[in-house]
$ cat my_file.txt   # compact mmCIF, C-alpha atoms
# COMPACT_ATOMS: atom_id res chain seq x y z
CA MET A 1 -63.23 165.08 -84.53
CA GLY A 2 -61.03 164.14 -87.47
CA LEU A 3 -59.63 166.92 -89.60
CA ARG A 4 -59.08 167.24 -93.30
CA GLN A 5 -56.05 169.20 -94.40
CA GLU A 6 -55.41 170.03 -98.04
CA VAL A 7 -52.58 172.03 -99.54
CA PHE A 8 -53.36 173.37 -103.00
CA HIS A 9 -52.70 176.20 -105.41
CA LEU A 10 -55.44 178.70 -106.11
CA ALA A 11 -55.37 180.48 -109.44
CA ALA A 12 -55.37 184.22 -108.81
CA GLY A 13 -54.13 187.34 -110.54
CA GLY A 14 -52.52 185.44 -113.39
CA GLY A 15 -50.50 183.34 -111.00
CA GLU A 16 -50.97 180.83 -108.21
CA ARG A 17 -51.36 181.23 -104.48
CA LEU A 18 -50.42 178.52 -102.04
CA CYS A 19 -53.37 177.69 -99.83
CA ILE A 20 -53.97 175.42 -96.84
CA TRP A 21 -57.53 174.30 -96.15
CA ARG A 22 -58.45 172.68 -92.85
CA ALA A 23 -61.96 171.47 -92.10
CA PRO A 24 -63.73 168.81 -90.06
CA GLU A 25 -63.84 165.45 -91.78
CA HIS A 26 -67.58 165.16 -91.46
CA GLY A 27 -70.59 167.34 -90.99
CA ALA A 28 -71.76 170.74 -92.09
CA LEU A 29 -69.42 173.65 -91.55
CA ARG A 30 -70.18 175.99 -88.70
CA GLY A 31 -68.59 178.75 -90.73
CA VAL A 32 -65.75 179.44 -93.13
CA VAL A 33 -62.76 181.45 -91.95
CA VAL A 34 -60.39 183.08 -94.46
CA HIS A 35 -57.15 184.12 -92.82
CA VAL A 36 -55.65 187.42 -94.01
CA PRO A 37 -51.97 187.39 -93.07
CA ALA A 38 -49.76 189.95 -91.38
CA PHE A 39 -47.09 191.94 -93.22
CA ALA A 40 -43.53 190.78 -93.91
CA GLU A 41 -41.69 189.44 -90.85
CA GLU A 42 -44.81 189.63 -88.70
CA MET A 43 -46.35 187.02 -90.99
CA ASN A 44 -43.39 184.71 -90.57
CA LYS A 45 -43.35 185.07 -86.80
CA SER A 46 -47.13 184.51 -86.59
CA ARG A 47 -47.23 181.33 -88.66
CA PRO A 48 -47.18 178.82 -85.76
CA MET A 49 -49.93 180.69 -83.89
CA VAL A 50 -52.05 180.97 -87.01
CA ALA A 51 -51.63 177.26 -87.76
CA LEU A 52 -52.54 176.35 -84.18
CA ALA A 53 -55.66 178.48 -84.21
CA ALA A 54 -56.64 177.18 -87.64
CA ARG A 55 -56.41 173.58 -86.42
CA ARG A 56 -58.41 174.39 -83.29
CA LEU A 57 -61.09 176.19 -85.29
CA ALA A 58 -61.31 173.29 -87.73
CA ALA A 59 -61.64 170.89 -84.81
CA SER A 60 -64.56 173.06 -83.64
CA GLY A 61 -66.38 172.73 -86.94
CA PHE A 62 -65.04 175.61 -89.04
CA GLY A 63 -63.42 175.44 -92.46
CA VAL A 64 -60.26 177.54 -92.34
CA LEU A 65 -58.38 178.76 -95.39
CA GLU A 66 -54.86 180.16 -95.24
CA ILE A 67 -53.43 181.83 -98.33
CA ASP A 68 -49.95 183.10 -99.19
CA LEU A 69 -50.54 186.41 -100.94
CA LEU A 70 -48.81 187.50 -104.17
CA GLY A 71 -45.08 187.62 -103.62
CA CYS A 72 -45.32 186.22 -100.11
CA GLY A 73 -44.48 182.83 -98.69
CA ASP A 74 -44.67 180.14 -101.35
CA SER A 75 -46.95 181.88 -103.81
CA THR A 76 -45.83 183.03 -107.24
CA GLY A 77 -44.42 186.46 -107.83
CA ASP A 78 -41.81 188.52 -106.07
CA PHE A 79 -42.52 190.76 -103.13
CA ALA A 80 -41.52 193.64 -105.39
CA ASP A 81 -44.45 192.78 -107.66
CA ALA A 82 -47.00 193.04 -104.87
CA THR A 83 -49.53 195.82 -104.56
CA PHE A 84 -52.15 196.40 -101.90
CA ASP A 85 -54.89 196.06 -104.52
CA ALA A 86 -53.48 192.76 -105.76
CA TRP A 87 -53.52 191.46 -102.20
CA ILE A 88 -57.17 192.49 -101.83
CA ASP A 89 -57.88 190.63 -105.09
CA ASP A 90 -56.24 187.53 -103.59
CA ILE A 91 -58.48 187.69 -100.52
CA VAL A 92 -61.57 188.13 -102.67
CA ALA A 93 -60.50 185.11 -104.75
CA ALA A 94 -60.00 183.11 -101.57
CA VAL A 95 -63.47 184.00 -100.32
CA ARG A 96 -64.93 183.08 -103.70
CA TRP A 97 -63.26 179.65 -103.47
CA ALA A 98 -64.59 179.14 -99.96
CA ARG A 99 -68.06 180.28 -101.05
CA GLU A 100 -68.25 177.32 -103.45
CA LEU A 101 -68.30 174.97 -100.50
CA GLY A 102 -71.76 175.93 -99.34
CA ASP A 103 -73.77 178.41 -97.37
CA ALA A 104 -71.70 178.64 -94.21
CA SER A 105 -71.17 182.20 -93.02
CA ILE A 106 -67.91 183.84 -93.97
CA TRP A 107 -65.35 185.17 -91.49
CA LEU A 108 -62.37 187.26 -92.53
CA TRP A 109 -59.60 186.73 -89.97
CA GLY A 110 -57.08 189.55 -90.19
CA ALA A 111 -53.89 189.42 -88.16
CA ARG A 112 -52.06 192.71 -87.60
CA ALA A 113 -51.87 194.56 -90.96
CA GLY A 114 -54.02 191.77 -92.39
CA ALA A 115 -56.82 193.61 -90.61
CA LEU A 116 -56.38 196.51 -93.04
CA LEU A 117 -56.59 194.15 -96.01
CA ALA A 118 -59.62 192.41 -94.51
CA ALA A 119 -61.34 195.76 -94.00
CA ALA A 120 -60.69 196.70 -97.63
CA ALA A 121 -61.93 193.29 -98.78
CA THR A 122 -65.27 193.68 -96.96
CA HIS A 123 -66.15 196.39 -99.48
CA ARG A 124 -65.55 194.00 -102.38
CA LEU A 125 -67.54 191.01 -101.17
CA ALA A 126 -71.03 190.20 -102.40
CA GLU A 127 -72.00 188.78 -99.03
CA ALA A 128 -72.03 190.19 -95.52
CA ALA A 129 -69.04 188.83 -93.63
CA SER A 130 -68.02 188.73 -90.01
CA VAL A 131 -64.54 189.87 -89.07
CA LEU A 132 -62.04 188.44 -86.60
CA LEU A 133 -59.10 190.66 -85.76
CA TRP A 134 -55.87 189.76 -84.00
CA GLN A 135 -54.01 192.83 -82.67
CA PRO A 136 -55.17 194.91 -85.63
CA VAL A 137 -53.03 197.66 -87.11
CA LEU A 138 -55.22 200.77 -86.98
CA ALA A 139 -53.68 202.77 -89.81
CA GLY A 140 -51.38 201.76 -92.66
CA ARG A 141 -49.61 205.09 -92.48
CA VAL A 142 -48.33 204.44 -88.98
CA MET A 143 -47.28 200.89 -89.78
CA LEU A 144 -45.38 202.13 -92.83
CA SER A 145 -43.49 204.62 -90.66
CA GLN A 146 -42.63 201.84 -88.26
CA PHE A 147 -41.44 199.62 -91.11
CA LEU A 148 -39.30 202.39 -92.59
CA ARG A 149 -37.89 203.12 -89.17
CA LEU A 150 -36.42 199.60 -89.07
CA LYS A 151 -33.87 200.73 -91.61
CA LEU A 152 -32.79 203.58 -89.42
CA ALA A 153 -32.56 202.03 -85.99
CA ALA A 154 -28.90 202.87 -85.58
CA ASP A 155 -29.40 206.46 -86.76
CA VAL A 156 -32.45 207.09 -84.63
CA LEU A 157 -30.55 208.44 -81.68
CA ALA A 158 -28.05 210.53 -83.65
CA GLY A 159 -28.11 214.02 -82.20
CA ASP A 160 -27.36 216.87 -84.58
CA GLY A 161 -26.50 217.07 -88.21
CA GLU A 162 -27.75 215.11 -91.16
CA ARG A 163 -29.26 211.79 -90.54
CA ALA A 164 -31.45 209.55 -92.63
CA GLY A 165 -35.06 209.54 -91.56
CA THR A 166 -38.38 208.03 -92.52
CA ARG A 167 -39.16 211.29 -94.31
CA GLN A 168 -36.15 210.79 -96.58
CA LEU A 169 -37.23 207.24 -97.36
CA ARG A 170 -40.74 208.48 -98.14
CA GLU A 171 -39.20 211.05 -100.50
CA GLU A 172 -37.27 208.30 -102.28
CA LEU A 173 -40.49 206.34 -102.68
CA ALA A 174 -42.27 209.47 -103.95
CA ARG A 175 -39.52 209.89 -106.55
CA GLY A 176 -40.31 206.40 -107.79
CA SER A 177 -37.48 204.45 -106.17
CA ALA A 178 -38.04 201.25 -104.27
CA VAL A 179 -36.34 200.95 -100.87
CA ASP A 180 -34.94 197.77 -99.36
CA ILE A 181 -35.99 197.24 -95.77
CA ALA A 182 -34.92 194.20 -93.79
CA GLY A 183 -34.65 192.13 -96.95
CA TYR A 184 -37.98 193.27 -98.43
CA ARG A 185 -38.06 195.41 -101.56
CA LEU A 186 -40.72 198.00 -100.82
CA THR A 187 -42.00 199.57 -104.04
CA PRO A 188 -43.63 203.02 -104.26
CA VAL A 189 -46.95 201.53 -105.31
CA LEU A 190 -47.07 199.07 -102.40
CA ALA A 191 -46.01 201.79 -99.97
CA ALA A 192 -48.77 204.04 -101.28
CA GLY A 193 -51.36 201.31 -100.84
CA ILE A 194 -50.27 200.66 -97.27
CA GLU A 195 -50.10 204.39 -96.52
CA ALA A 196 -53.73 204.85 -97.54
CA ALA A 197 -55.10 201.80 -95.74
CA ALA A 198 -57.44 202.33 -92.83
CA LEU A 199 -59.54 200.09 -90.64
CA ALA A 200 -62.82 201.03 -92.29
CA PHE A 201 -65.27 198.20 -92.75
CA ALA A 202 -68.22 197.91 -95.10
CA PRO A 203 -71.49 198.69 -93.28
CA THR A 204 -72.68 195.19 -94.14
CA VAL A 205 -70.17 193.61 -91.74
CA ARG A 206 -72.15 191.44 -89.35
CA ARG A 207 -69.92 191.65 -86.31
CA VAL A 208 -66.33 192.23 -85.35
CA VAL A 209 -64.37 190.12 -82.88
CA TRP A 210 -61.37 192.21 -81.78
CA LEU A 211 -58.71 190.36 -79.80
CA GLU A 212 -55.45 191.76 -78.48
CA VAL A 213 -52.55 190.40 -76.51
CA SER A 214 -50.44 192.15 -73.91
CA ALA A 215 -47.83 190.94 -71.47
CA GLY A 216 -48.78 192.98 -68.43
CA ALA A 217 -50.58 191.80 -65.33
CA GLN A 218 -53.89 193.25 -66.50
CA PRO A 219 -54.26 192.78 -70.24
CA ALA A 220 -56.38 195.51 -71.79
CA LEU A 221 -56.94 197.18 -75.12
CA GLY A 222 -54.91 200.37 -75.40
CA PRO A 223 -56.54 203.81 -75.66
CA ALA A 224 -56.26 203.92 -79.47
CA ALA A 225 -57.92 200.52 -79.89
CA LEU A 226 -60.68 201.41 -77.42
CA THR A 227 -61.44 204.53 -79.44
CA ALA A 228 -61.63 202.51 -82.65
CA VAL A 229 -63.92 199.91 -81.05
CA ALA A 230 -66.22 202.66 -79.73
CA ALA A 231 -66.41 204.21 -83.19
CA LEU A 232 -67.41 200.87 -84.71
CA ARG A 233 -70.14 200.41 -82.11
CA ASP A 234 -71.40 203.96 -82.61
CA ALA A 235 -71.70 203.16 -86.30
CA GLY A 236 -73.89 200.18 -85.44
CA THR A 237 -71.41 197.31 -85.81
CA PRO A 238 -71.54 194.77 -82.98
CA VAL A 239 -68.06 194.35 -81.52
CA LEU A 240 -66.78 191.78 -79.07
CA ALA A 241 -63.47 193.13 -77.77
CA ALA A 242 -61.11 191.38 -75.38
CA ALA A 243 -57.46 191.40 -74.34
CA LEU A 244 -55.57 188.26 -73.37
CA GLY A 245 -52.38 187.82 -71.42
CA GLY A 246 -49.42 186.66 -73.45
CA PRO A 247 -46.39 187.59 -75.58
CA GLY A 248 -46.45 189.76 -78.70
CA PHE A 249 -45.77 186.69 -80.81
CA TRP A 250 -45.82 188.65 -84.12
CA GLN A 251 -42.71 190.56 -83.13
CA THR A 252 -40.76 188.52 -80.57
CA VAL A 253 -37.20 187.52 -81.36
CA GLU A 254 -37.93 183.86 -80.60
CA ILE A 255 -41.14 182.16 -81.75
CA GLU A 256 -43.61 182.35 -78.89
CA MET A 257 -47.11 180.99 -78.48
CA CYS A 258 -50.17 182.48 -76.83
CA PRO A 259 -52.67 179.71 -76.07
CA ALA A 260 -55.06 182.15 -74.40
CA LEU A 261 -55.56 183.91 -77.73
CA VAL A 262 -56.38 180.65 -79.47
CA ASP A 263 -58.88 179.72 -76.73
CA ALA A 264 -60.50 183.15 -76.95
CA THR A 265 -60.69 182.95 -80.74
CA VAL A 266 -62.48 179.62 -80.73
CA ALA A 267 -64.83 180.73 -77.94
CA ALA A 268 -65.71 183.96 -79.74
CA LEU A 269 -66.45 182.27 -83.05
CA MET A 270 -68.54 179.57 -81.39
CA GLU A 271 -70.95 182.21 -80.09
CA SER A 272 -74.03 183.12 -82.08
CA PRO A 273 -73.04 185.35 -85.00
CA HIS A 274 -76.31 187.18 -85.22
CA ASP A 275 -77.10 188.29 -81.71
CA GLY A 276 -76.39 191.92 -82.54
CA VAL A 277 -75.23 192.63 -79.00
CA SER A 278 -72.08 194.63 -78.37
CA ARG A 279 -70.27 193.57 -75.25
CA ASP A 280 -66.83 193.10 -73.86
CA THR A 281 -66.29 189.58 -72.70
CA VAL A 282 -63.49 188.47 -70.46
CA LEU A 283 -62.36 185.36 -72.26
CA ARG A 284 -60.02 183.19 -70.24
CA MET B 1 -54.24 203.30 -66.35
CA ASP B 2 -52.76 206.78 -66.41
CA THR B 3 -50.09 207.91 -68.84
CA ARG B 4 -47.21 207.32 -66.45
CA ALA B 5 -48.33 203.80 -65.58
CA GLU B 6 -49.04 202.96 -69.24
CA THR B 7 -45.62 204.25 -70.31
CA LEU B 8 -43.84 202.18 -67.68
CA ALA B 9 -45.93 199.13 -68.59
CA ILE B 10 -44.92 199.50 -72.23
CA LEU B 11 -41.27 199.93 -71.28
CA ASP B 12 -41.43 196.83 -69.12
CA GLU B 13 -43.16 194.76 -71.81
CA VAL B 14 -41.04 195.82 -74.78
CA LEU B 15 -37.72 195.55 -72.95
CA GLY B 16 -38.65 192.37 -71.12
CA LEU B 17 -37.92 193.87 -67.71
CA LYS B 18 -40.20 191.41 -65.91
CA GLY B 19 -41.71 193.98 -63.58
CA ARG B 20 -38.58 196.04 -62.88
CA ALA B 21 -40.16 199.13 -64.41
CA ALA B 22 -42.76 199.23 -61.65
CA ARG B 23 -39.99 200.41 -59.32
CA PHE B 24 -38.80 203.20 -61.62
CA VAL B 25 -39.19 206.81 -60.52
CA ASP B 26 -38.94 210.01 -62.58
CA ALA B 27 -35.24 210.34 -61.88
CA THR B 28 -34.45 206.79 -62.97
CA PRO B 29 -31.95 207.02 -65.86
CA LEU B 30 -32.84 205.04 -69.00
CA LEU B 31 -30.58 205.48 -72.03
CA GLY B 32 -27.12 204.29 -71.11
CA ALA B 33 -28.33 202.86 -67.79
CA VAL B 34 -30.83 200.19 -68.84
CA PRO B 35 -28.81 197.71 -70.91
CA GLU B 36 -31.88 196.41 -72.75
CA LEU B 37 -32.48 199.88 -74.20
CA ASP B 38 -30.39 199.88 -77.37
CA SER B 39 -31.28 201.71 -80.60
CA MET B 40 -33.39 198.82 -81.83
CA ALA B 41 -35.29 198.79 -78.54
CA VAL B 42 -35.88 202.55 -78.82
CA VAL B 43 -37.53 201.93 -82.19
CA SER B 44 -39.67 199.17 -80.66
CA VAL B 45 -40.71 201.37 -77.73
CA LEU B 46 -41.71 204.17 -80.10
CA THR B 47 -43.73 201.69 -82.15
CA ALA B 48 -45.46 200.43 -79.02
CA PHE B 49 -46.34 204.02 -78.03
CA GLU B 50 -47.85 204.65 -81.46
CA ASP B 51 -49.87 201.43 -81.43
CA ARG B 52 -51.06 201.81 -77.87
CA PHE B 53 -51.80 205.54 -77.67
CA GLY B 54 -52.69 206.25 -81.29
CA PHE B 55 -50.41 209.24 -81.84
CA GLU B 56 -47.71 209.39 -84.55
CA ILE B 57 -44.07 210.15 -83.90
CA ASP B 58 -42.15 212.21 -86.41
CA ASP B 59 -38.43 211.71 -87.08
CA ASP B 60 -37.71 215.17 -85.67
CA GLU B 61 -39.18 214.16 -82.34
CA ILE B 62 -36.81 211.26 -81.86
CA ASP B 63 -34.03 212.40 -79.60
CA GLY B 64 -31.70 210.80 -77.09
CA ALA B 65 -32.79 213.40 -74.54
CA THR B 66 -36.32 211.98 -74.59
CA PHE B 67 -35.00 208.67 -73.31
CA ALA B 68 -32.62 210.18 -70.75
CA THR B 69 -34.83 209.42 -67.75
CA VAL B 70 -38.25 208.03 -66.94
CA GLY B 71 -39.35 211.60 -66.24
CA SER B 72 -38.29 212.86 -69.68
CA LEU B 73 -39.97 209.92 -71.39
CA VAL B 74 -43.25 210.32 -69.50
CA ALA B 75 -43.18 214.05 -70.26
CA PHE B 76 -42.77 213.24 -73.95
CA VAL B 77 -45.74 210.85 -73.96
CA ARG B 78 -47.87 213.31 -71.96
CA GLY B 79 -47.05 216.02 -74.49
CA LYS B 80 -48.05 213.78 -77.41
CA ARG B 81 -51.30 212.81 -75.68
CA GLY B 82 -52.12 216.38 -74.77
CA ASP B 83 -52.30 215.57 -71.07

$ encode --input "my_file.txt" --output "structure tokens"
Amino acid sequence: MGLRQEVFHLAAGGGERLCIWRAPEHGALRGVVVHVPAFAEEMNKSRPMVALAARRLAASGFGVLEIDLLGCGDSTGDFADATFDAWIDDIVAAVRWARELGDASIWLWGARAGALLAAAATHRLAEAASVLLWQPVLAGRVMLSQFLRLKLAADVLAGDGERAGTRQLREELARGSAVDIAGYRLTPVLAAGIEAAALAFAPTVRRVVWLEVSAGAQPALGPAALTAVAALRDAGTPVLAAALGGPGFWQTVEIEMCPALVDATVAALMESPHDGVSRDTVLR
Amino acid sequence: MDTRAETLAILDEVLGLKGRAARFVDATPLLGAVPELDSMAVVSVLTAFEDRFGFEIDDDEIDGATFATVGSLVAFVRGKRGD
């Protein structure tokens, strides 16, 4: 099937966001997928995988929209101008744009910390969406600690005496000072938004597809993820959860690809979206 | 997978040991003995623990002694999990 690919700027938040739209050349859309990107360097490292999956989904009949959020990638604004709320606004604007194209069901596809943004966005949407998650971050607070820790890698093993810690960085942020981490200017307001973010979806969410990647011989969701999936199911949300073998492409030093994740993504989205059945599927 | 096996699996994955960790025993020395385990790798291992097990690690808990041997590291994770 031929694909259409359009690069355009979406007006949002007083500025413009670079978007890429991929869709089949002909025929009705099977669904519309709005990608919600990962945070900082994880976004950069994930780009090839996201592009590959977007092309494969489009080839399978989905319209897929990628958006560079405020201050990220090639969109307007500096990273230092970004706030968690502004990023949610961007996602809502992206969904609104996609909505104009017809009645196809909406998927929010959150990668890593994008899952937190997607979860927040589900509360702002007029329609019930389905959610696709790649290796979701479970709590913004923990991810923020991990991000702050990057600055302190060399100090981490220092034994006694004074050493800089994530607590000190949090105190600087609380005093109103931005901190520079790995080339990103993290402002107090953005840090606060991330800190408060949780993987809590609107009750209207139709279903969740939760996909993770691990390098071991027997890929499996970790204990924390399993607990989160169980909680979603207990709350009545159908969840398809699966783990695929492959590299942690969002954090590897060299760009790596995980074809199994792309295959699983396409397979999961091709299934009926309204069966209401929770099951774990081994997707090869 | 039990805590010990999960911990070794994470170590193997994060450090790229390609299965070497499966042969580690409690007495196996880590910090200073495994060349892949530098300060950046320690941060990555801690991150992987947090993501996988769901507990949070405070600055005060980060100590070279924790990474001295496999035994000390597994004991640390067990303590955080309440095993």

$ interface_residues --input "my_file.txt" --of "chain B" --to "chain A" --cutoff "8 Å" --atoms "all atoms listed in the file" --output "NGL selection string"
:B and (9 or 13 or 39-40 or 42-43 or 47 or 50-54 or 56 or 59 or 62-64)

$ residues_around --input "my_file.txt" --residues "Asp78 of chain A" --least-positions-apart "2" --cutoff "12 Å" --atoms "all atoms listed in the file" --output "PyMOL selection string"
chain A and resi 15+68-76+80-83+184-187

$ closest_residue --input "my_file.txt" --among "A:Val253, A:Trp87, A:Glu271, A:Pro48" --to "Ser44 of chain B" --atoms "only C-alpha atoms"
A:Val253

$ residues_near_point --input "my_file.txt" --point "(-61.9, 183.0, -95.2)" --cutoff "8 Å" --atoms "only C-alpha atoms" --output "ChimeraX atom specification"
/A:32-36,64-66,91,94-95,98,106-109

$ residues_around --input "my_file.txt" --residues "Arg170 of chain A" --least-positions-apart "2" --cutoff "10 Å" --atoms "all atoms listed in the file" --output "tab-separated table (two decimals) with C-alpha atoms, in the frame of the given file"
chain	number	residue	atom	x	y	z
A	144	LEU	CA	-45.38	202.13	-92.83
A	145	SER	CA	-43.49	204.62	-90.66
A	148	LEU	CA	-39.30	202.39	-92.59
A	165	GLY	CA	-35.06	209.54	-91.56
A	166	THR	CA	-38.38	208.03	-92.52
A	167	ARG	CA	-39.16	211.29	-94.31
A	168	GLN	CA	-36.15	210.79	-96.58
A	172	GLU	CA	-37.27	208.30	-102.28
A	173	LEU	CA	-40.49	206.34	-102.68
A	174	ALA	CA	-42.27	209.47	-103.95
A	175	ARG	CA	-39.52	209.89	-106.55
A	176	GLY	CA	-40.31	206.40	-107.79
A	177	SER	CA	-37.48	204.45	-106.17
A	178	ALA	CA	-38.04	201.25	-104.27
A	179	VAL	CA	-36.34	200.95	-100.87
A	188	PRO	CA	-43.63	203.02	-104.26
A	191	ALA	CA	-46.01	201.79	-99.97
A	192	ALA	CA	-48.77	204.04	-101.28

$ residues_near_point --input "my_file.txt" --point "(-58.2, 180.2, -71.6)" --cutoff "12 Å" --atoms "all atoms listed in the file" --output "CSV table (one decimal) with C-alpha atoms, keeping the file's coordinate frame"
chain,number,residue,atom,x,y,z
A,243,ALA,CA,-57.5,191.4,-74.3
A,244,LEU,CA,-55.6,188.3,-73.4
A,245,GLY,CA,-52.4,187.8,-71.4
A,246,GLY,CA,-49.4,186.7,-73.4
A,258,CYS,CA,-50.2,182.5,-76.8
A,259,PRO,CA,-52.7,179.7,-76.1
A,260,ALA,CA,-55.1,182.2,-74.4
A,261,LEU,CA,-55.6,183.9,-77.7
A,262,VAL,CA,-56.4,180.6,-79.5
A,263,ASP,CA,-58.9,179.7,-76.7
A,264,ALA,CA,-60.5,183.2,-77.0
A,265,THR,CA,-60.7,183.0,-80.7
A,266,VAL,CA,-62.5,179.6,-80.7
A,267,ALA,CA,-64.8,180.7,-77.9
A,268,ALA,CA,-65.7,184.0,-79.7
A,282,VAL,CA,-63.5,188.5,-70.5
A,283,LEU,CA,-62.4,185.4,-72.3
A,284,ARG,CA,-60.0,183.2,-70.2

$ atom_distance --input "my_file.txt" --atom1 "atom CA of Thr28 of chain B" --atom2 "atom CA of Ala5 of chain B"
14.4 Å

$ atom_distance --input "my_file.txt" --atom1 "atom CA of Thr3 of chain B" --atom2 "atom CA of Ala235 of chain A"
28.2 Å

$ closest_residue --input "my_file.txt" --among "A:Arg112, A:Arg233, A:Arg56, A:Arg22" --to "Met270 of chain A" --atoms "all atoms listed in the file"
A:Arg56

$ closest_residue --input "my_file.txt" --among "B:Phe55, B:Phe24, B:Phe49, B:Phe67" --to "Gly82 of chain B" --atoms "only C-alpha atoms"
B:Phe55

$ atom_distance --input "my_file.txt" --atom1 "atom CA of Gly31 of chain A" --atom2 "atom CA of Ala197 of chain A"
27.2 Å

$ closest_residue --input "my_file.txt" --among "A:Val208, A:Leu190, A:Ile88, A:Ala126" --to "Ala242 of chain A" --atoms "all atoms listed in the file"
A:Val208

$ residues_around --input "my_file.txt" --residues "Val74 of chain B" --least-positions-apart "3" --cutoff "8 Å" --atoms "all atoms listed in the file" --output "list of chain:residue names"
B:Thr3, B:Arg4, B:Thr7, B:Val70, B:Gly71, B:Val77, B:Arg78

$ residues_around --input "my_file.txt" --residues "Glu36 of chain B" --least-positions-apart "6" --cutoff "10 Å" --atoms "only C-alpha atoms" --output "list in words"
Val14, Leu15, Gly16, Leu17, Leu30 and Val42 of chain B
